[in-house]
Amino acid sequence: MTGFLDLPPLPALVVGEVSHTRRVPLHHTFRQRAYQWLVDVDDLPRLPWWLRPLAGFRAADHLDGGRSGGGIRGDVDHLLARHGTTLDPDDRIVMLANARVFGHVFDPLTVFVVQRRDANTCKAVIFEVHNTYGGRHAYLIDIDDGGRGEVEKVFYVSPFNDVSGTYAVRLRFAPDQVSVTVGLDRSGDRILTATTRGVPEPATRRSLLRVGLTHALMTYRVSLMIRVHGIWLWLRRLPIVPRPSTTKEVVR
C-alpha cells in the first residue's frame, strides 16, 4: 500500500482540531476543535431520519455540483479524464469533508483520494478549496509515497493573500490518525500553515450523537470564526488584496 494511505474502516468520524498559523507580514495563530467525515463516495452513510439533520451529503456541494449525472464519482471521473487519467470501475474514491449540519455546510478543504482496489495504492489526490464567497477550486496534486506534494496556487481564498505562491501538502490516512497539512510558500518564505488532524472512529449512531453535542453547529462555527479572525487581521491593518472576478467552479 502507499505509505501515507492505510485507511481505517469507513465511514468514520475524524475528531480532533484545526490549527492555522500566519507568519508574515504579521504573526497570527488559532486552534479550535473540529471533526470531519471520512467516507466512500459510493457508500455514503445511511442515517435514520432523526439523525439526518446532523449529517447530509450532496453532490451539489462539491466539484461540478453533480452536473455530470454521476454524482460526486461522476465529477471526479470527468476531472481526472481532463488530465489524462482514467477512473476504473473498481477504483475507490474516499472523501474527507464536512457534512451538512442542519442544512448548512462550509468546507474550507475537501480531500478526495482515489484508491486502486486491486493494489491498495493511491491513483490520484484532489484538493477542493472553498472560499467564503461561494467559490471553489479543485487541484489535482501529485502525491509521493510519503504523502507529500505541491501545487501552484491559482485560486483566491483569503482577502489577505493574492493567488501567487505554492501549496506544500502533507497527508496521512491511518487507523490512529488522519491529518492534512497545507503550507503556503512564496519566494522561499512560509506565509502560513494550516493543519487538520484527528483520530478516526467508527461513525455509529452513538458517536455521531456525542460529536454532534460536543461540536454543536460546527459548520456554522467554521464560517463564523473565519470571519472573526478576518476582522481581527483587518483591525491589525493587514493589507486587503482585492478579489478577482471568478466563476463559481474552476477546475485545474
# chains A, B, ... in the order shown; residues from 1 in each chain; ligands from 1
call {"tool": "residues_around", "arguments": {"residues": "stretch 144-147 of chain A", "least_positions_apart": "3", "cutoff": "12 Å", "atoms": "only C-alpha atoms", "output": "tab-separated table (two decimals) with C-alpha atoms, in the first residue's frame"}}
result
chain	number	residue	atom	x	y	z
A	1	MET	CA	0.00	0.00	0.00
A	2	THR	CA	1.03	3.62	-0.36
A	3	GLY	CA	2.98	4.81	2.65
A	4	PHE	CA	0.56	7.56	3.68
A	5	LEU	CA	-2.61	5.59	2.87
A	6	ASP	CA	-3.72	2.96	5.38
A	113	VAL	CA	-8.25	10.18	-2.57
A	121	THR	CA	-2.42	2.18	-3.71
A	122	CYS	CA	-3.18	5.80	-4.46
A	123	LYS	CA	-4.05	6.74	-8.04
A	124	ALA	CA	-4.88	10.41	-7.52
A	125	VAL	CA	-5.45	13.10	-4.90
A	141	ILE	CA	-1.98	17.03	-6.90
A	150	GLU	CA	2.94	20.57	-4.07
A	168	ALA	CA	3.13	22.35	0.05
A	169	VAL	CA	0.96	19.41	1.08
A	170	ARG	CA	1.44	16.55	3.53
A	171	LEU	CA	-1.16	13.79	4.07
A	172	ARG	CA	-1.56	10.91	6.45
A	173	PHE	CA	-4.50	8.50	6.45
A	174	ALA	CA	-4.06	5.82	9.12
A	178	VAL	CA	-5.86	11.34	9.81
A	179	SER	CA	-4.05	14.59	9.10
A	180	VAL	CA	-3.78	17.12	6.31
A	181	THR	CA	-1.19	19.91	6.39
A	182	VAL	CA	-1.05	22.69	3.81
call {"tool": "closest_atom_pairs", "arguments": {"of": "stretch 40-111 of chain A", "to": "stretch 13-36 of chain A", "cutoff": "12 Å", "atoms": "only C-alpha atoms", "output": "JSON lines"}}
result
{"residue": "A:Pro45", "atom": "CA", "partner": "A:Leu13", "partner_atom": "CA", "distance": 11.1}
{"residue": "A:Leu54", "atom": "CA", "partner": "A:Gln36", "partner_atom": "CA", "distance": 12.0}
{"residue": "A:Ala55", "atom": "CA", "partner": "A:Gln36", "partner_atom": "CA", "distance": 10.3}
{"residue": "A:Met95", "atom": "CA", "partner": "A:Gln36", "partner_atom": "CA", "distance": 9.8}
{"residue": "A:Leu96", "atom": "CA", "partner": "A:Gln36", "partner_atom": "CA", "distance": 6.6}
{"residue": "A:Ala97", "atom": "CA", "partner": "A:Gln36", "partner_atom": "CA", "distance": 5.5}
{"residue": "A:Asn98", "atom": "CA", "partner": "A:Gln36", "partner_atom": "CA", "distance": 5.0}
{"residue": "A:Ala99", "atom": "CA", "partner": "A:Gln36", "partner_atom": "CA", "distance": 7.4}
{"residue": "A:Arg100", "atom": "CA", "partner": "A:Gln36", "partner_atom": "CA", "distance": 10.7}
{"residue": "A:Val101", "atom": "CA", "partner": "A:Gln36", "partner_atom": "CA", "distance": 11.5}
{"residue": "A:Val105", "atom": "CA", "partner": "A:Gln36", "partner_atom": "CA", "distance": 11.5}
{"residue": "A:Phe106", "atom": "CA", "partner": "A:Gln36", "partner_atom": "CA", "distance": 11.4}
{"residue": "A:Asp107", "atom": "CA", "partner": "A:Gln36", "partner_atom": "CA", "distance": 9.4}
{"residue": "A:Pro108", "atom": "CA", "partner": "A:Val18", "partner_atom": "CA", "distance": 11.0}
{"residue": "A:Leu109", "atom": "CA", "partner": "A:Gln36", "partner_atom": "CA", "distance": 10.5}
{"residue": "A:Thr110", "atom": "CA", "partner": "A:Gln36", "partner_atom": "CA", "distance": 9.6}
{"residue": "A:Val111", "atom": "CA", "partner": "A:Gln36", "partner_atom": "CA", "distance": 10.8}
call {"tool": "write_last_selection", "arguments": {"atoms": "N, CA and C atoms", "output": "compact mmCIF listing (two decimals), in the first residue's frame"}}
result
# COMPACT_ATOMS: atom_id res chain seq x y z
N PRO A 45 -22.99 7.40 4.23
CA PRO A 45 -23.75 6.97 5.40
C PRO A 45 -25.26 7.04 5.18
N LEU A 54 -27.96 16.02 11.37
CA LEU A 54 -26.58 16.14 11.82
C LEU A 54 -25.56 15.80 10.74
N ALA A 55 -26.01 15.23 9.63
CA ALA A 55 -25.05 14.83 8.60
C ALA A 55 -25.76 14.60 7.27
N MET A 95 -13.49 10.35 0.53
CA MET A 95 -13.64 11.79 0.71
C MET A 95 -13.51 12.17 2.18
N LEU A 96 -12.67 13.14 2.46
CA LEU A 96 -12.56 13.74 3.80
C LEU A 96 -13.20 15.11 3.72
N ALA A 97 -14.32 15.31 4.44
CA ALA A 97 -15.11 16.52 4.25
C ALA A 97 -15.99 16.80 5.44
N ASN A 98 -16.48 18.02 5.49
CA ASN A 98 -17.56 18.37 6.40
C ASN A 98 -18.88 17.95 5.78
N ALA A 99 -19.78 17.46 6.61
CA ALA A 99 -21.13 17.17 6.15
C ALA A 99 -22.03 18.37 6.44
N ARG A 100 -23.18 18.38 5.81
CA ARG A 100 -24.18 19.40 6.13
C ARG A 100 -24.72 19.16 7.55
N VAL A 101 -24.83 20.24 8.32
CA VAL A 101 -25.39 20.17 9.67
C VAL A 101 -26.56 21.13 9.73
N VAL A 105 -23.54 23.89 5.25
CA VAL A 105 -22.20 23.33 5.16
C VAL A 105 -21.25 24.42 4.69
N PHE A 106 -20.08 24.44 5.31
CA PHE A 106 -18.95 25.18 4.76
C PHE A 106 -17.72 24.33 4.98
N ASP A 107 -17.02 24.05 3.91
CA ASP A 107 -15.90 23.12 3.94
C ASP A 107 -14.67 23.80 3.34
N PRO A 108 -13.83 24.42 4.15
CA PRO A 108 -12.67 25.10 3.58
C PRO A 108 -11.84 24.21 2.67
N LEU A 109 -11.70 22.93 3.04
CA LEU A 109 -10.93 22.00 2.22
C LEU A 109 -11.58 20.62 2.25
N THR A 110 -11.86 20.10 1.07
CA THR A 110 -12.30 18.72 0.91
C THR A 110 -11.18 17.97 0.21
N VAL A 111 -10.85 16.78 0.69
CA VAL A 111 -9.80 15.96 0.10
C VAL A 111 -10.43 14.69 -0.48
call {"tool": "select_by_dssp", "arguments": {"residues": "stretch 140-206 of chain A", "states": "strand (DSSP E)", "output": "mmCIF file with C-alpha atoms, in the first residue's frame"}}
result
data_model
loop_
_atom_site.group_PDB
_atom_site.id
_atom_site.type_symbol
_atom_site.label_atom_id
_atom_site.label_comp_id
_atom_site.auth_asym_id
_atom_site.auth_seq_id
_atom_site.Cartn_x
_atom_site.Cartn_y
_atom_site.Cartn_z
ATOM 1 C CA LEU A 140 -5.184 17.627 -8.865
ATOM 2 C CA ILE A 141 -1.976 17.031 -6.901
ATOM 3 C CA ARG A 148 3.881 14.839 0.156
ATOM 4 C CA GLY A 149 3.251 17.012 -2.869
ATOM 5 C CA GLU A 150 2.936 20.567 -4.071
ATOM 6 C CA VAL A 151 0.861 22.593 -6.468
ATOM 7 C CA GLU A 152 0.839 26.183 -7.680
ATOM 8 C CA THR A 166 2.862 27.285 -3.959
ATOM 9 C CA TYR A 167 0.951 24.953 -1.678
ATOM 10 C CA ALA A 168 3.135 22.353 0.049
ATOM 11 C CA VAL A 169 0.962 19.413 1.081
ATOM 12 C CA ARG A 170 1.440 16.548 3.531
ATOM 13 C CA LEU A 171 -1.157 13.790 4.066
ATOM 14 C CA ARG A 172 -1.558 10.908 6.447
ATOM 15 C CA PHE A 173 -4.501 8.498 6.454
ATOM 16 C CA VAL A 178 -5.857 11.343 9.812
ATOM 17 C CA SER A 179 -4.049 14.585 9.099
ATOM 18 C CA VAL A 180 -3.778 17.124 6.308
ATOM 19 C CA THR A 181 -1.191 19.911 6.391
ATOM 20 C CA VAL A 182 -1.047 22.686 3.805
ATOM 21 C CA GLY A 183 1.662 25.327 3.781
ATOM 22 C CA LEU A 184 1.651 28.376 1.503
ATOM 23 C CA ASP A 185 5.157 29.231 0.296
ATOM 24 C CA ARG A 186 6.092 32.368 -1.589
ATOM 25 C CA ASP A 189 9.146 32.090 2.688
ATOM 26 C CA ARG A 190 6.431 30.143 4.505
ATOM 27 C CA ILE A 191 3.467 32.520 4.617
ATOM 28 C CA LEU A 192 1.060 30.325 6.547
ATOM 29 C CA THR A 193 0.403 26.749 7.598
ATOM 30 C CA ALA A 194 -2.995 25.123 8.096
ATOM 31 C CA THR A 195 -3.431 21.671 9.617
ATOM 32 C CA THR A 196 -6.420 19.494 10.327
ATOM 33 C CA ARG A 197 -5.719 16.475 12.496
ATOM 34 C CA GLY A 198 -7.882 13.931 14.248
ATOM 35 C CA VAL A 199 -8.417 10.364 15.365
ATOM 36 C CA PRO A 200 -10.832 8.325 13.225
ATOM 37 C CA GLU A 201 -13.571 6.348 14.921
ATOM 38 C CA PRO A 202 -16.476 4.328 13.514
#
call {"tool": "select_by_dssp", "arguments": {"residues": "stretch 12-204 of chain A", "states": "alpha helix (DSSP H)", "output": "compact mmCIF listing (two decimals) with N, CA and C atoms, in the first residue's frame"}}
result
# COMPACT_ATOMS: atom_id res chain seq x y z
N GLY A 71 -23.16 11.97 -9.94
CA GLY A 71 -22.88 12.36 -8.56
C GLY A 71 -21.42 12.77 -8.39
N ILE A 72 -20.93 12.63 -7.17
CA ILE A 72 -19.55 13.00 -6.89
C ILE A 72 -18.59 12.14 -7.71
N ARG A 73 -18.87 10.87 -7.80
CA ARG A 73 -17.98 9.99 -8.57
C ARG A 73 -17.89 10.44 -10.02
N GLY A 74 -19.02 10.81 -10.60
CA GLY A 74 -19.01 11.26 -11.99
C GLY A 74 -18.18 12.51 -12.18
N ASP A 75 -18.26 13.44 -11.22
CA ASP A 75 -17.46 14.66 -11.31
C ASP A 75 -15.97 14.36 -11.19
N VAL A 76 -15.60 13.44 -10.27
CA VAL A 76 -14.20 13.04 -10.15
C VAL A 76 -13.73 12.39 -11.45
N ASP A 77 -14.55 11.55 -12.02
CA ASP A 77 -14.23 10.88 -13.28
C ASP A 77 -13.93 11.91 -14.37
N HIS A 78 -14.79 12.92 -14.50
CA HIS A 78 -14.60 13.94 -15.53
C HIS A 78 -13.34 14.76 -15.27
N LEU A 79 -13.08 15.09 -14.02
CA LEU A 79 -11.89 15.87 -13.70
C LEU A 79 -10.63 15.09 -14.06
N LEU A 80 -10.58 13.82 -13.66
CA LEU A 80 -9.40 13.02 -13.96
C LEU A 80 -9.22 12.85 -15.46
N ALA A 81 -10.32 12.65 -16.18
CA ALA A 81 -10.24 12.47 -17.63
C ALA A 81 -9.65 13.69 -18.31
N ARG A 82 -9.97 14.87 -17.81
CA ARG A 82 -9.41 16.09 -18.40
C ARG A 82 -7.91 16.17 -18.21
call {"tool": "closest_residue", "arguments": {"among": "A:Phe155, A:Tyr133, A:Tyr220, A:Trp234", "to": "A:Gly103", "atoms": "only C-alpha atoms"}}
result
A:Tyr220
call {"tool": "atom_distance", "arguments": {"atom1": "atom CA of A:Val228", "atom2": "atom CA of A:Arg243"}}
result
18.7 Å
call {"tool": "residues_around", "arguments": {"residues": "A:Thr204", "least_positions_apart": "3", "cutoff": "9 Å", "atoms": "only C-alpha atoms", "output": "list in words"}}
result
Pro11, Ala12, Leu13, Glu201, Ser207, Leu208 and Leu209 of chain A
call {"tool": "write_last_selection", "arguments": {"atoms": "C-alpha atoms", "output": "PDB file, in the first residue's frame"}}
result
ATOM      1  CA  PRO A  11     -17.464   5.602   7.310  1.00  0.00           C
ATOM      2  CA  ALA A  12     -15.505   7.263  10.091  1.00  0.00           C
ATOM      3  CA  LEU A  13     -15.687  10.425  12.134  1.00  0.00           C
ATOM      4  CA  GLU A 201     -13.571   6.348  14.921  1.00  0.00           C
ATOM      5  CA  SER A 207     -20.608   8.510  18.214  1.00  0.00           C
ATOM      6  CA  LEU A 208     -22.457  10.890  15.887  1.00  0.00           C
ATOM      7  CA  LEU A 209     -24.778  11.962  18.704  1.00  0.00           C
TER       8      LEU A 209
END
call {"tool": "closest_residue", "arguments": {"among": "A:His104, A:Arg236, A:Arg205, A:His229", "to": "A:Trp50", "atoms": "only C-alpha atoms"}}
result
A:Arg205
